[in-house]
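Reading through the structure tokens given below for one structure.
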Amino acid sequence: MSVLVVLFAAAGCSKDPAPAPTAAPEATTASPTPAASATPGPTATAGTMELAFSVDGSGPYLLGAKLSALQGAGQLDEVKTGGETCAQNTTARGKDRWKDVRMSFKPDGTLYVLINRSTAIPTPSGAYLGNTLAALQSIYGSLGEELTKGGGMAYLVTTTSGRGIMFDLDASKKVIAMVAGDAAYLKSSFLGGTDFC
């Protein structure tokens, strides 16, 4: 569990312009072996960890960030307020390497949910889109729980901070999206079918 906490913390350090401390690469290489052998796709390395999708977000897109600040820095595409499902909220897409990360902002402009649909952005622990439920269970162990609602399935990983990542699963129990936000909110939204509004 201490390795997982170090890995989640390492993702938050990537916005620092100074070189990463020597402890970060060691934590990166500590990804559990079962994840590499039980999952398709590349293995997480120090280079890909810069793009890690954590419970806090990814890159410049961190929970709690303000819409106005991200827009002012030119870091958002497809900004839209008033969608069909969440009329009061604003949605946007990341730019460049984060183009497959979508965000939802509350009416006050606070980023509260991120959805990762990129096959190139893993979690700090090495989970990728396309991983199976069994692979997620081997990576996260007791930190995760299975959720089912109607025909939908998800796997929610909750950290001690109260934030989490919910892995949306298809019918074959493979990850098709990752959602970061408050874990209790992610769970209630999935089970209630509220589309994170």
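The way I read the labels, and the way they are meant: chains A, B, ... in the order of the structure tokens, residue 1 as the first residue of every chain, and ligand 1 as the first ligand shown, with later ones counted on from there.
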
Counting only C-alpha atoms, what are the residues of region 40-115 of chain A within 12 Å of region 145-159 of chain A, and for each of them which pair of atoms is the nearest and at what distance in Å, to one decimal? Sort the table by chain and rising number, as JSON lines.
```
{"residue": "A:Ser54", "atom": "CA", "partner": "A:Thr159", "partner_atom": "CA", "distance": 10.4}
{"residue": "A:Val55", "atom": "CA", "partner": "A:Thr159", "partner_atom": "CA", "distance": 7.9}
{"residue": "A:Asp56", "atom": "CA", "partner": "A:Thr159", "partner_atom": "CA", "distance": 10.6}
```

- Do a neighbour search on Gly83 (chain A) at 12 Å with only C-alpha atoms, toss out local chain neighbours closer than 3 positions, and write the hits as a PyMOL selection string. chain A and resi 79-80+86-92+104-105+195+197

With C-alpha atoms retained, could you export that selection as a compact mmCIF listing (two decimals), in the first residue's frame?
```
# COMPACT_ATOMS: atom_id res chain seq x y z
CA VAL A 79 -15.30 24.17 -24.31
CA LYS A 80 -19.10 23.92 -24.10
CA CYS A 86 -25.61 18.43 -17.51
CA ALA A 87 -27.06 21.74 -18.72
CA GLN A 88 -25.60 23.77 -15.84
CA ASN A 89 -22.02 22.48 -16.26
CA THR A 90 -19.19 23.19 -18.69
CA THR A 91 -17.30 20.44 -20.47
CA ALA A 92 -13.95 20.65 -22.25
CA SER A 104 -16.43 18.64 -16.36
CA PHE A 105 -16.58 21.94 -14.50
CA ASP A 195 -23.88 11.03 -15.67
CA CYS A 197 -23.98 15.96 -13.08
```

Under the rule of at most 8 Å, produce a per-residue listing of region 49-94 of chain A near region 107-131 of chain A: chain, number, name, the closest pair of atoms, and the distance in Å, as JSON lines, using only C-alpha atoms.
```
{"residue": "A:Met49", "atom": "CA", "partner": "A:Pro124", "partner_atom": "CA", "distance": 6.4}
{"residue": "A:Leu51", "atom": "CA", "partner": "A:Ile121", "partner_atom": "CA", "distance": 5.4}
{"residue": "A:Ala52", "atom": "CA", "partner": "A:Thr123", "partner_atom": "CA", "distance": 5.1}
{"residue": "A:Phe53", "atom": "CA", "partner": "A:Thr123", "partner_atom": "CA", "distance": 4.7}
{"residue": "A:Ser54", "atom": "CA", "partner": "A:Thr123", "partner_atom": "CA", "distance": 5.6}
{"residue": "A:Gly57", "atom": "CA", "partner": "A:Leu114", "partner_atom": "CA", "distance": 6.5}
{"residue": "A:Leu62", "atom": "CA", "partner": "A:Leu111", "partner_atom": "CA", "distance": 7.3}
{"residue": "A:Leu63", "atom": "CA", "partner": "A:Leu111", "partner_atom": "CA", "distance": 5.3}
{"residue": "A:Gly64", "atom": "CA", "partner": "A:Leu111", "partner_atom": "CA", "distance": 5.0}
{"residue": "A:Ala65", "atom": "CA", "partner": "A:Leu111", "partner_atom": "CA", "distance": 5.3}
{"residue": "A:Lys66", "atom": "CA", "partner": "A:Thr110", "partner_atom": "CA", "distance": 4.8}
{"residue": "A:Leu67", "atom": "CA", "partner": "A:Gly109", "partner_atom": "CA", "distance": 5.0}
{"residue": "A:Ser68", "atom": "CA", "partner": "A:Gly109", "partner_atom": "CA", "distance": 7.1}
{"residue": "A:Gln88", "atom": "CA", "partner": "A:Pro107", "partner_atom": "CA", "distance": 6.0}
{"residue": "A:Asn89", "atom": "CA", "partner": "A:Pro107", "partner_atom": "CA", "distance": 5.3}
{"residue": "A:Thr90", "atom": "CA", "partner": "A:Pro107", "partner_atom": "CA", "distance": 7.1}
```

Selection to disk with N, CA, C and O atoms, as an mmCIF file, in the first residue's frame:
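Contents of out_39.cif, freshly written:
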```
data_model
loop_
_atom_site.group_PDB
_atom_site.id
_atom_site.type_symbol
_atom_site.label_atom_id
_atom_site.label_comp_id
_atom_site.auth_asym_id
_atom_site.auth_seq_id
_atom_site.Cartn_x
_atom_site.Cartn_y
_atom_site.Cartn_z
ATOM 1 N N MET A 49 5.100 7.984 -17.274
ATOM 2 C CA MET A 49 4.525 8.438 -16.020
ATOM 3 C C MET A 49 4.253 9.940 -16.038
ATOM 4 O O MET A 49 3.437 10.430 -15.276
ATOM 5 N N LEU A 51 2.620 11.324 -18.139
ATOM 6 C CA LEU A 51 1.243 11.364 -18.599
ATOM 7 C C LEU A 51 0.307 10.565 -17.702
ATOM 8 O O LEU A 51 -0.778 10.210 -18.110
ATOM 9 N N ALA A 52 0.710 10.246 -16.507
ATOM 10 C CA ALA A 52 -0.111 9.423 -15.627
ATOM 11 C C ALA A 52 -1.440 10.089 -15.309
ATOM 12 O O ALA A 52 -1.533 11.302 -15.155
ATOM 13 N N PHE A 53 -2.474 9.259 -15.223
ATOM 14 C CA PHE A 53 -3.822 9.694 -14.865
ATOM 15 C C PHE A 53 -4.070 9.232 -13.437
ATOM 16 O O PHE A 53 -4.246 8.046 -13.186
ATOM 17 N N SER A 54 -4.035 10.170 -12.497
ATOM 18 C CA SER A 54 -4.155 9.810 -11.088
ATOM 19 C C SER A 54 -5.503 10.243 -10.532
ATOM 20 O O SER A 54 -6.333 10.824 -11.239
ATOM 21 N N GLY A 57 -5.991 13.865 -11.258
ATOM 22 C CA GLY A 57 -6.101 14.337 -12.628
ATOM 23 C C GLY A 57 -4.871 13.950 -13.414
ATOM 24 O O GLY A 57 -4.201 12.968 -13.108
ATOM 25 N N LEU A 62 -5.915 19.302 -13.090
ATOM 26 C CA LEU A 62 -6.035 18.728 -11.758
ATOM 27 C C LEU A 62 -7.364 19.124 -11.132
ATOM 28 O O LEU A 62 -7.852 20.249 -11.330
ATOM 29 N N LEU A 63 -7.949 18.204 -10.375
ATOM 30 C CA LEU A 63 -9.204 18.491 -9.700
ATOM 31 C C LEU A 63 -9.073 19.775 -8.888
ATOM 32 O O LEU A 63 -8.053 20.005 -8.240
ATOM 33 N N GLY A 64 -10.090 20.611 -8.961
ATOM 34 C CA GLY A 64 -10.070 21.889 -8.251
ATOM 35 C C GLY A 64 -9.566 23.043 -9.103
ATOM 36 O O GLY A 64 -9.718 24.202 -8.725
ATOM 37 N N ALA A 65 -8.962 22.738 -10.260
ATOM 38 C CA ALA A 65 -8.485 23.801 -11.160
ATOM 39 C C ALA A 65 -9.682 24.620 -11.648
ATOM 40 O O ALA A 65 -10.813 24.139 -11.692
ATOM 41 N N LYS A 66 -9.425 25.852 -12.019
ATOM 42 C CA LYS A 66 -10.487 26.737 -12.487
ATOM 43 C C LYS A 66 -10.524 26.783 -14.020
ATOM 44 O O LYS A 66 -9.495 26.852 -14.686
ATOM 45 N N LEU A 67 -11.719 26.749 -14.540
ATOM 46 C CA LEU A 67 -11.947 26.835 -15.981
ATOM 47 C C LEU A 67 -11.281 28.074 -16.564
ATOM 48 O O LEU A 67 -10.593 28.000 -17.583
ATOM 49 N N SER A 68 -11.437 29.220 -15.912
ATOM 50 C CA SER A 68 -10.872 30.476 -16.430
ATOM 51 C C SER A 68 -9.349 30.415 -16.525
ATOM 52 O O SER A 68 -8.766 30.907 -17.482
ATOM 53 N N GLN A 88 -26.199 22.710 -16.646
ATOM 54 C CA GLN A 88 -25.599 23.773 -15.840
ATOM 55 C C GLN A 88 -24.067 23.731 -15.847
ATOM 56 O O GLN A 88 -23.425 24.684 -15.436
ATOM 57 N N ASN A 89 -23.469 22.652 -16.318
ATOM 58 C CA ASN A 89 -22.017 22.482 -16.260
ATOM 59 C C ASN A 89 -21.340 22.808 -17.590
ATOM 60 O O ASN A 89 -21.984 22.881 -18.627
ATOM 61 N N THR A 90 -20.014 22.949 -17.508
ATOM 62 C CA THR A 90 -19.195 23.189 -18.693
ATOM 63 C C THR A 90 -18.288 21.988 -18.903
ATOM 64 O O THR A 90 -17.713 21.472 -17.949
#
```
